[in-house]
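Peer 1: File run_28.tsv follows (TSV, C-alpha atoms):
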```
chain	number	residue	atom	x	y	z
A	29	SER	CA	196.93	192.35	255.47
A	30	GLY	CA	199.83	194.40	256.80
A	31	PRO	CA	199.90	198.02	257.89
A	32	ARG	CA	198.82	200.55	255.32
A	33	LEU	CA	201.70	202.76	254.34
A	34	ARG	CA	201.21	206.34	253.25
A	35	PRO	CA	202.63	206.90	249.75
A	36	LYS	CA	205.90	208.80	249.72
A	37	ARG	CA	205.25	212.54	249.74
A	38	ASN	CA	206.50	214.42	246.69
A	39	VAL	CA	208.02	217.88	246.70
A	40	ALA	CA	204.85	219.50	245.28
A	41	GLU	CA	202.77	218.11	248.17
A	42	ALA	CA	205.41	219.18	250.68
A	43	TYR	CA	205.51	222.67	249.18
A	44	ALA	CA	201.71	222.94	249.43
A	45	ASP	CA	201.85	222.18	253.18
A	46	PRO	CA	202.53	225.51	254.98
A	47	GLU	CA	203.95	223.62	257.98
A	48	SER	CA	206.51	221.57	256.00
A	49	LEU	CA	210.23	222.28	255.99
A	50	THR	CA	210.06	222.41	252.20
A	51	ARG	CA	207.51	225.24	252.22
A	52	ARG	CA	209.33	227.10	254.97
A	53	ALA	CA	212.67	226.83	253.12
A	54	PHE	CA	211.48	227.73	249.62
A	55	GLY	CA	208.43	229.80	250.57
A	56	ALA	CA	210.65	232.49	252.07
A	57	LEU	CA	211.20	233.77	248.55
A	58	ALA	CA	207.59	233.52	247.40
A	59	ALA	CA	206.95	237.26	247.58
A	60	VAL	CA	210.32	238.23	246.11
A	61	ASP	CA	210.70	239.40	242.53
A	62	GLU	CA	213.78	237.42	241.53
A	63	ASN	CA	214.16	239.54	238.40
A	64	ALA	CA	214.29	242.84	240.31
A	65	PRO	CA	217.66	244.62	240.13
A	66	GLU	CA	217.79	244.81	243.93
A	67	TYR	CA	217.43	241.04	244.24
A	68	ARG	CA	220.05	240.39	241.58
A	69	ALA	CA	222.48	242.82	243.26
A	70	ALA	CA	222.02	241.29	246.71
A	71	GLU	CA	224.33	238.65	248.11
A	72	LEU	CA	221.99	235.99	249.45
A	73	PRO	CA	223.87	232.79	250.31
A	74	ALA	CA	222.28	229.63	248.87
A	75	SER	CA	219.60	231.69	247.17
A	76	ASN	CA	220.54	233.98	244.33
A	77	GLY	CA	223.55	232.59	242.54
A	78	ILE	CA	223.22	234.14	239.07
A	79	ALA	CA	225.46	232.85	236.31
A	80	THR	CA	225.55	231.64	232.75
A	81	ALA	CA	225.95	227.96	231.91
A	82	ARG	CA	229.39	228.72	230.46
A	83	SER	CA	230.59	230.48	233.61
A	84	LEU	CA	229.32	227.65	235.83
A	85	ALA	CA	231.05	225.04	233.67
A	86	ARG	CA	234.27	227.08	233.72
A	87	LEU	CA	234.08	227.48	237.50
A	88	TYR	CA	233.68	223.75	238.06
A	89	ALA	CA	236.38	222.96	235.48
A	90	ALA	CA	238.73	225.36	237.31
A	91	LEU	CA	238.15	223.50	240.57
A	92	ILE	CA	239.69	220.34	239.12
A	93	GLY	CA	242.14	221.55	236.45
A	94	GLU	CA	243.71	224.44	234.59
A	95	VAL	CA	241.45	226.74	232.58
A	96	ASP	CA	243.00	229.10	230.04
A	97	GLY	CA	246.47	228.44	231.47
A	98	ARG	CA	245.46	229.49	234.98
A	99	ALA	CA	246.18	227.18	237.90
A	100	ARG	CA	243.40	224.99	239.25
A	101	LEU	CA	241.50	226.37	242.24
A	102	PHE	CA	241.38	223.18	244.35
A	103	ALA	CA	244.43	221.18	245.38
A	104	PRO	CA	243.96	217.41	244.95
A	105	ALA	CA	243.31	217.08	248.71
A	106	THR	CA	240.52	219.66	248.49
A	107	VAL	CA	238.93	217.81	245.55
A	108	ALA	CA	239.07	214.61	247.62
A	109	LEU	CA	237.41	216.41	250.53
A	110	ALA	CA	234.67	217.89	248.30
A	111	ARG	CA	233.82	214.33	247.21
A	112	THR	CA	233.75	212.92	250.74
A	113	GLU	CA	230.25	211.98	251.83
A	114	GLU	CA	229.20	213.75	255.03
A	115	SER	CA	225.50	212.97	254.93
A	116	ALA	CA	223.22	210.63	253.04
A	117	GLY	CA	219.60	209.61	253.26
A	118	PRO	CA	216.15	211.20	253.44
A	119	ASP	CA	216.24	214.96	252.96
A	120	ARG	CA	213.33	216.56	254.80
A	121	VAL	CA	213.41	219.70	252.64
A	122	LEU	CA	213.96	218.23	249.18
A	123	VAL	CA	211.80	215.16	249.98
A	124	VAL	CA	214.22	212.72	248.31
A	125	ASN	CA	217.29	210.80	249.40
A	126	THR	CA	220.36	212.98	248.95
A	127	ARG	CA	224.12	212.69	249.40
A	128	PHE	CA	226.24	215.66	250.43
A	129	GLY	CA	229.90	216.36	250.91
A	130	PRO	CA	231.12	219.58	252.53
A	131	GLY	CA	229.44	222.23	250.39
A	132	TYR	CA	228.52	220.05	247.42
A	133	MET	CA	225.88	217.55	246.48
A	134	LEU	CA	227.28	214.21	245.42
A	135	HIS	CA	226.19	211.88	242.63
A	136	GLY	CA	223.16	209.79	243.60
A	137	PRO	CA	219.80	208.50	242.36
A	138	SER	CA	217.87	211.68	243.19
A	139	SER	CA	220.41	213.95	241.54
A	140	PRO	CA	222.54	212.03	239.08
A	141	LEU	CA	225.70	213.83	238.07
A	142	LEU	CA	228.12	212.44	235.50
A	143	ALA	CA	229.64	209.66	237.60
A	144	THR	CA	230.26	208.42	241.13
A	145	GLY	CA	233.13	210.87	241.75
A	146	SER	CA	231.29	213.96	240.51
A	147	PHE	CA	230.42	216.82	242.87
A	148	GLY	CA	228.30	219.93	242.31
A	149	HIS	CA	224.77	221.10	242.88
A	150	PRO	CA	221.41	221.48	241.17
A	151	GLY	CA	219.54	224.74	241.52
A	152	ARG	CA	215.92	225.54	242.15
A	153	GLY	CA	214.02	225.32	238.91
A	154	GLY	CA	216.34	223.08	236.90
A	155	PRO	CA	219.91	224.40	236.68
A	156	LEU	CA	222.76	222.00	237.31
A	157	ALA	CA	226.53	222.40	237.61
A	158	PHE	CA	229.24	219.96	238.63
A	159	ALA	CA	232.81	218.80	238.22
A	160	ASP	CA	233.87	215.30	237.31
A	161	PRO	CA	237.57	214.88	238.13
A	162	GLU	CA	237.96	211.53	236.36
A	163	SER	CA	236.85	212.87	232.96
A	164	GLY	CA	238.10	216.43	233.59
A	165	ILE	CA	234.67	217.84	232.76
A	166	GLY	CA	233.08	220.94	234.24
A	167	PHE	CA	229.35	220.98	233.41
A	168	GLY	CA	226.89	223.87	233.58
A	169	TYR	CA	223.24	224.11	232.57
A	170	VAL	CA	220.82	226.94	233.34
A	171	THR	CA	217.17	227.46	232.48
A	172	ASN	CA	214.90	230.28	231.42
A	173	GLY	CA	211.81	228.55	232.79
A	174	LEU	CA	211.48	227.90	236.50
A	175	GLN	CA	210.22	224.39	237.25
A	176	SER	CA	209.04	223.20	240.68
A	177	ASN	CA	211.77	220.59	241.05
A	178	VAL	CA	215.20	221.00	242.61
A	179	THR	CA	216.82	217.66	241.90
A	180	ALA	CA	217.05	215.54	238.74
A	181	ASP	CA	215.46	218.02	236.34
A	182	PRO	CA	214.64	216.01	233.18
A	183	ARG	CA	216.09	218.69	230.88
A	184	ALA	CA	219.45	218.73	232.67
A	185	GLN	CA	219.46	214.95	233.01
A	186	SER	CA	219.02	214.45	229.27
A	187	LEU	CA	222.16	216.54	228.72
A	188	VAL	CA	224.08	214.63	231.41
A	189	ARG	CA	223.12	211.34	229.72
A	190	ALA	CA	224.36	212.70	226.37
A	191	VAL	CA	227.70	213.74	227.89
A	192	ARG	CA	228.02	210.33	229.58
A	193	ALA	CA	227.23	208.55	226.30
A	194	SER	CA	229.80	210.66	224.44
A	195	LEU	CA	232.50	209.44	226.83
A	196	ALA	CA	231.68	205.75	226.39
```
Take the structure I supplied and represent it as structure tokens, if you would.

Peer 2:
Amino acid sequence: SGPRLRPKRNVAEAYADPESLTRRAFGALAAVDENAPEYRAAELPASNGIATARSLARLYAALIGEVDGRARLFAPATVALARTEESAGPDRVLVVNTRFGPGYMLHGPSSPLLATGSFGHPGRGGPLAFADPESGIGFGYVTNGLQSNVTADPRAQSLVRAVRASLA
């Protein structure tokens, strides 16, 4: 018999380990009341983006095209850059394989977006927002219930599959 391999660690196990990068990254907010007015008023990069699903969808739509007659926010070259893979592989914090461009997560098995050219980002607890330049879609989904996952939330993914099916 060959060497015994340890089963792949999941994010819940990584979060339970106080020495893991996952726990250290997400545990920093464990004692914070994310509903407190002070938290919501703060500007905490990569932590407290607060928006509605509609505003997220409109933001991502505006990156790739006109919204309400206003010029798009990203030039075609910037859209191409946002979709350029800069890193791919095992993510030691999220405990899945990820793909990232500069500032955005890219479509992949652990966080499926609409299609290969989509770019955006999931949020802690289930939200998801992205742009898909080929279809011209800006997508936004937010939750009321915080789940322990960060990528591929089943609620968001069922909506992504429905949008994909509607385009077929």

Peer 1: Dump as a ChimeraX atom specification all residues having an atom at most 12 Å from (227.3, 226.9, 251.1), computed in the file's coordinates with only C-alpha atoms.

Peer 2: /A:72-77,110,128-133,148-149

Peer 1: Of the candidates A:Tyr88, A:Phe54, A:Tyr67, A:Phe102, which one gets nearest to Ala159 of chain A if we count all atoms listed in the file?

Peer 2: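 Nearest candidate to Ala159 of chain A out of A:Tyr88, A:Phe54, A:Tyr67, A:Phe102: A:Tyr88.
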
Peer 1: Which distance in Å separates atom CA of Thr179 of chain A and atom CA of Ser139 of chain A, to one decimal?

Peer 2: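 It comes out at 5.2 Å.
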
Peer 1: Please provide as a ChimeraX atom specification all residues within 8 Å of Arg86 of chain A, with the sequence filter that same-chain residues fewer than 6 positions apart are discarded (counting all atoms listed in the file).

Peer 2: /A:95,166-167

Peer 1: Using only C-alpha atoms, which residue out of A:Asn63, A:Arg152, A:Leu87, A:Glu114 lies closest to Arg100 of chain A?

Peer 2: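 Checking each of A:Asn63, A:Arg152, A:Leu87, A:Glu114 against Arg100 of chain A, counting only C-alpha atoms, the winner is A:Leu87.
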
Peer 1: Using only C-alpha atoms, can you list as a list of chain:residue names the residues within 9 Å of (226.0, 231.7, 230.2)?

Peer 2: A:Ala79, A:Thr80, A:Ala81, A:Arg82, A:Ser83, A:Leu84, A:Gly168, A:Tyr169, A:Val170

Peer 1: Figure out the distance between atom CA of Ser138 of chain A and atom CA of Asn125 of chain A, please, to one decimal in Å.

Peer 2: 6.3 Å

Peer 1: Of the candidates A:Asn38, A:Ser194, A:Thr112, A:Thr50, which shows the shortest atom-to-atom distance to Phe147 of chain A, using only C-alpha atoms?

Peer 2: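 Of all the options, A:Thr112 lies closest to Phe147 of chain A.
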
Peer 1: So which one's closest to Val121 of chain A, A:Ala85, A:Ile78, A:Leu49, A:Ala44? Using only C-alpha atoms, please.

Peer 2: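 For Val121 of chain A, the nearest of the given residues is A:Leu49.
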
Peer 1: May I ask which of the residues A:Val107, A:Arg120, A:Glu113, A:Glu41 is the closest one to Ala53 of chain A, counting only C-alpha atoms?

Peer 2: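 Checking each of A:Val107, A:Arg120, A:Glu113, A:Glu41 against Ala53 of chain A, counting only C-alpha atoms, the winner is A:Arg120.
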
Peer 1: Can you tell me how far atom CA of Asp181 of chain A sits from atom CA of Ala116 of chain A, in Å to one decimal?

Peer 2: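 It comes out at 19.8 Å.
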